[in-house]
Amino acid sequence: MPRIRLFFFFLFVSYTAFSQQKQRYQSLPQALSAGGQLSGSNGPRSVNWIEGGNRFSYIAGQNVIKTFSPKDQREETVFDGSGLKFPGTDKPFQYSSFQWSKDSKNLVFQANFRPVWRRSGISDYYVYSVADKSLKLVAKDAQTAELSPDGTKVGYERGGNLFVFDFAAGKETQLTSDAKPAFYNGRFGWAYEEEFGLAQAWDWSPDSKFIAFWQSDERQVPLYRLTDYKGFDEQFDSLPYPRVGDRNPTVRIGTIEIASGKKAWMKVEGEEGYIPRIYWTAQPGQLALVHLNRKQNHLQLYMADARTGEARQVMEEKSDAWVDVFDFFAGIMHYFYFPTETKEFFWVSERDGFAHVYRYDYTGKLLNQVTKGPWEVTYVHSVDAKTKKIYYTSTEVSPLERQLYVVDFDGKNKRRLTQTAGRHTINFSPNGQYYIDRYSNLTTPTQVELWDTRGAKIKTLEDNARVREFLNTHAYAPKELMNFTTSDGQKIDISVIKPLDFDQSKKYPVVIDIYGGPGAQSVYNEFSGGGWHQWLAQQGYVVVSVNNRGSGGYGRAFEKVVYEKLGQYESLDFAETARYLATLPWADGGRMAIRGHSYGGYTSSFTMLTHPGVFKVALVGAPVTDWRLYDSIYTERYMGLMPENKANYEKSAVSPYAKNLQGRMFIAHSTMDENVHVRNTMQLVNALIDAGKDHDLRIYPPGAHGVAYNGPSYLLLHQQYTDYLDKYLKNGTM
């Protein structure tokens, strides 16, 4: 054996021996709990920029808030609630979140949070004076609350009506009084909140003179009832839930002038379509409204007078698929930006095939396209009208990465700010001078750093040394990035976690763990911290994730090819991933499993049944099995309207393919799932029984959309998943 080969042989043997000496998980519970140790810390919690961006505050421990100044790196404690009690009680003060007044003299705390839907909940709001350390209740049982920009008042919504509390007067004023069951001011119902991404249905004007709000009417929307079957007399919850083709919530936009209490209604139709976004502009008393038709392929932007309601259309966007107004998966709540210092606005559109920034004046005239290229702008962090610069994150380096850039309003002088490979998440200061950068890559756990926009790192806020120490003593299976080309010529990116003690000469069972929904992305150049995936790797499984067609980050054609035919391309890409892996020497093509939850539950079941024989096992969690059973806003966005697209709805349903089941299918759902109703699973189960196909069903009655609802149920669900894979995939039992 040549010396160089001999050297690497002994190096490999030594490394293998060393890795075998590292501690391994003794049980699934231990592995699941280790997920947090692998993920590490995300750095300062609840960051709030104050003083225009010259400082930021953060939660520094139990009931302690500190501030940090990037300029001189001074750190101060501004709140210590260790001895603080709820007013009039002996109960220690605790809170969920906080916000600052503009003058940084008061804190508004959200306490006693009680969840309602995914983003919303009922809370009590308290104001704390930094100067005299006093704490007082200003809003009890409010769903949302926000300080006025001038810091003199706090607005809030309670019971479907809007209120303001004036600090100087110490007085509450009720702004609306016509709320009824399923009829709200300043609050969304389930569908609008879930599918347009906002929990707060009202907004202060920049000058604190007005509040603009949605008035939502769900009284004609069909009710969905659900129960967890506890006790002897069933107690049913109900919520207005519009399915495909049903009567939708109707909305209109109102404004309230705080000084006079005068109301006006904006003259933009909100019955047949949607008004998913409103924005105050740099013109005092002017409101911008975004209107979408029901099919969500025609967007119109209106400018409205807040005092009279008179509105005029200034811009529109039409698509042969759908038009996005936010990105749920990237955490992007807005694609429109109205900086307060200039009468211009910016809109992220994919009209040239990729998501880019466009600049307009208030008449709707296009001034210029700011960014351009075969890559996507994924997040606009700051539009600085003073310096005429835009800071944004994009996929220019790779769809698997997110990097921060700056560019002038006219599209010139583009510069990349983040340099380390990986997925960067940015928290930008309002003054455009600083940003907090959270990033990781395949070999680097999460790093949190404070930078200035000139290119200097100010401080490392979190290096997650504890994660590295954990890796030094515990066996770990890293993630690898790969890609292949499908039989119809599409390049697909995947990630692969190989088993511990991987042996190229052996064949391993494969678990393809997927989601697959429109705009989502599963594979990035980022550190892998999933405890269940590590447990599977330790037990001898290959774990794979896929950026299938329909995923975001790759441009319009890649994402919107799924329009009006959900399931078709996603299932093809998952099946082709399995077939590609089967060509590799270490993947066992006869032992392939697919697992997914929610949209992933849909695609895992649909793929199993429309590509029979490719997968031996399917793990299906909370699946949509017929899009006609899902909510109208989400489904009609991607599948079009009924009955005009009835044939495609039928083709995208899972249950008609039940007769094709080969192998084993495990299905888990909750009867209290308000998002994907358990009726979906029951229809699939009926179809499987009618076809004489055996399957395994687990019902978790109280579990909502996550199925698991506490620690024991989460462990049980993953134990059932794992046992099922061991029995029917690894060991080959049928």
# chains A, B, ... in the order shown; residues from 1 in each chain; ligands from 1

call {"tool": "select_by_dssp", "arguments": {"residues": "range 115-334 of chain A", "states": "strand (DSSP E or B)", "output": "PyMOL selection string"}}
result
chain A and resi 115+121-129+135-142+144-147+153-158+161-166+171-174+180+183-185+202-204+210-217+223-226+237-240+243+250-257+263-265+274-280+286-292+298-305+311-318+327+332

call {"tool": "residues_around", "arguments": {"residues": "Ala708 in chain A", "least_positions_apart": "6", "cutoff": "12 Å", "atoms": "only C-alpha atoms", "output": "PyMOL selection string"}}
result
chain A and resi 597+621-622+668-673+698-702+714-720

call {"tool": "residues_around", "arguments": {"residues": "Gly273 in chain A", "least_positions_apart": "6", "cutoff": "9 Å", "atoms": "only C-alpha atoms", "output": "tab-separated table (two decimals) with C-alpha atoms, in the first residue's frame"}}
result
chain	number	residue	atom	x	y	z
A	248	ASN	CA	-65.80	34.40	2.86
A	250	THR	CA	-66.12	40.44	4.37
A	291	HIS	CA	-56.80	44.71	-2.75
A	292	LEU	CA	-56.75	41.15	-4.10
A	293	ASN	CA	-59.49	39.48	-6.10
A	294	ARG	CA	-60.77	36.20	-4.70
A	295	LYS	CA	-58.58	34.19	-7.05
A	296	GLN	CA	-55.57	36.22	-5.78

call {"tool": "residues_around", "arguments": {"residues": "Asp217 in chain A", "least_positions_apart": "4", "cutoff": "7 Å", "atoms": "only C-alpha atoms", "output": "list in words"}}
result
Ala182, Phe183, Tyr184, Pro249, Thr250 and Val251 of chain A

call {"tool": "write_last_selection", "arguments": {"atoms": "N, CA and C atoms", "output": "compact mmCIF listing (two decimals), in the first residue's frame"}}
result
# COMPACT_ATOMS: atom_id res chain seq x y z
N ALA A 182 -68.80 37.23 15.88
CA ALA A 182 -68.33 37.08 14.50
C ALA A 182 -68.33 38.39 13.72
N PHE A 183 -68.33 39.51 14.43
CA PHE A 183 -68.28 40.84 13.80
C PHE A 183 -67.35 41.70 14.65
N TYR A 184 -66.17 42.04 14.09
CA TYR A 184 -65.11 42.64 14.91
C TYR A 184 -64.57 43.92 14.29
N PRO A 249 -65.19 35.75 4.83
CA PRO A 249 -65.33 36.95 5.65
C PRO A 249 -65.34 38.18 4.75
N THR A 250 -66.16 39.17 5.08
CA THR A 250 -66.12 40.44 4.37
C THR A 250 -65.44 41.46 5.26
N VAL A 251 -64.67 42.34 4.66
CA VAL A 251 -63.96 43.34 5.44
C VAL A 251 -64.13 44.71 4.80

call {"tool": "closest_residue", "arguments": {"among": "A:Glu462, A:Glu172, A:Glu480, A:Glu75", "to": "Leu442 in chain A", "atoms": "only C-alpha atoms"}}
result
A:Glu480

call {"tool": "residues_around", "arguments": {"residues": "His474 in chain A", "least_positions_apart": "3", "cutoff": "7 Å", "atoms": "only C-alpha atoms", "output": "list in words"}}
result
Lys22, Gln23, Arg24, Phe470 and Leu471 of chain A

call {"tool": "write_last_selection", "arguments": {"atoms": "C-alpha atoms", "output": "tab-separated table (two decimals), in the first residue's frame"}}
result
chain	number	residue	atom	x	y	z
A	22	LYS	CA	-18.08	9.63	21.75
A	23	GLN	CA	-21.23	9.39	23.79
A	24	ARG	CA	-24.31	8.16	21.98
A	470	PHE	CA	-21.35	19.02	23.09
A	471	LEU	CA	-20.11	17.89	19.66

call {"tool": "residues_around", "arguments": {"residues": "Val617 in chain A", "least_positions_apart": "6", "cutoff": "10 Å", "atoms": "only C-alpha atoms", "output": "JSON, numbers by chain"}}
result
{"A": [511, 591, 592, 593, 594, 595, 604, 605, 608, 662, 663, 664, 665, 666, 724, 725, 728, 729]}

call {"tool": "write_last_selection", "arguments": {"atoms": "N, CA and C atoms", "output": "short mmCIF file (atom, residue, chain, number, x, y, z; two decimals), in the first residue's frame"}}
result
data_model
loop_
_atom_site.label_atom_id
_atom_site.label_comp_id
_atom_site.auth_asym_id
_atom_site.auth_seq_id
_atom_site.Cartn_x
_atom_site.Cartn_y
_atom_site.Cartn_z
N VAL A 511 -35.16 7.53 4.98
CA VAL A 511 -36.37 8.26 5.36
C VAL A 511 -36.30 9.63 4.70
N ARG A 591 -36.03 -0.19 0.64
CA ARG A 591 -36.40 0.25 2.00
C ARG A 591 -36.41 1.78 2.05
N MET A 592 -37.42 2.36 1.41
CA MET A 592 -37.58 3.81 1.37
C MET A 592 -38.87 4.20 2.11
N ALA A 593 -38.78 5.24 2.92
CA ALA A 593 -39.96 5.75 3.62
C ALA A 593 -40.10 7.24 3.33
N ILE A 594 -41.33 7.74 3.42
CA ILE A 594 -41.59 9.17 3.26
C ILE A 594 -42.42 9.62 4.45
N ARG A 595 -42.06 10.77 5.02
CA ARG A 595 -42.74 11.27 6.20
C ARG A 595 -43.01 12.76 6.06
N SER A 604 -46.93 13.40 1.58
CA SER A 604 -46.46 12.03 1.88
C SER A 604 -47.52 11.01 1.51
N SER A 605 -48.79 11.30 1.80
CA SER A 605 -49.84 10.35 1.44
C SER A 605 -50.08 10.34 -0.07
N MET A 608 -47.22 8.49 -1.80
CA MET A 608 -47.30 7.05 -1.54
C MET A 608 -48.32 6.39 -2.45
N GLN A 662 -49.44 0.36 -1.65
CA GLN A 662 -48.52 -0.77 -1.49
C GLN A 662 -47.61 -0.42 -0.32
N GLY A 663 -47.45 -1.33 0.61
CA GLY A 663 -46.65 -1.03 1.79
C GLY A 663 -47.52 -0.58 2.94
N ARG A 664 -46.92 0.13 3.88
CA ARG A 664 -47.59 0.49 5.13
C ARG A 664 -47.79 2.00 5.24
N MET A 665 -48.95 2.41 5.79
CA MET A 665 -49.23 3.83 6.00
C MET A 665 -49.68 4.05 7.44
N PHE A 666 -48.99 4.96 8.11
CA PHE A 666 -49.32 5.37 9.48
C PHE A 666 -49.87 6.79 9.43
N TYR A 724 -42.53 2.29 14.08
CA TYR A 724 -43.13 1.92 12.80
C TYR A 724 -42.05 1.73 11.74
N LEU A 725 -41.09 2.66 11.71
CA LEU A 725 -39.98 2.53 10.77
C LEU A 725 -39.14 1.29 11.07
N TYR A 728 -41.40 -1.90 10.00
CA TYR A 728 -41.82 -2.12 8.62
C TYR A 728 -40.79 -1.69 7.58
N LEU A 729 -39.78 -0.90 7.98
CA LEU A 729 -38.78 -0.47 7.02
C LEU A 729 -37.44 -1.14 7.28
#
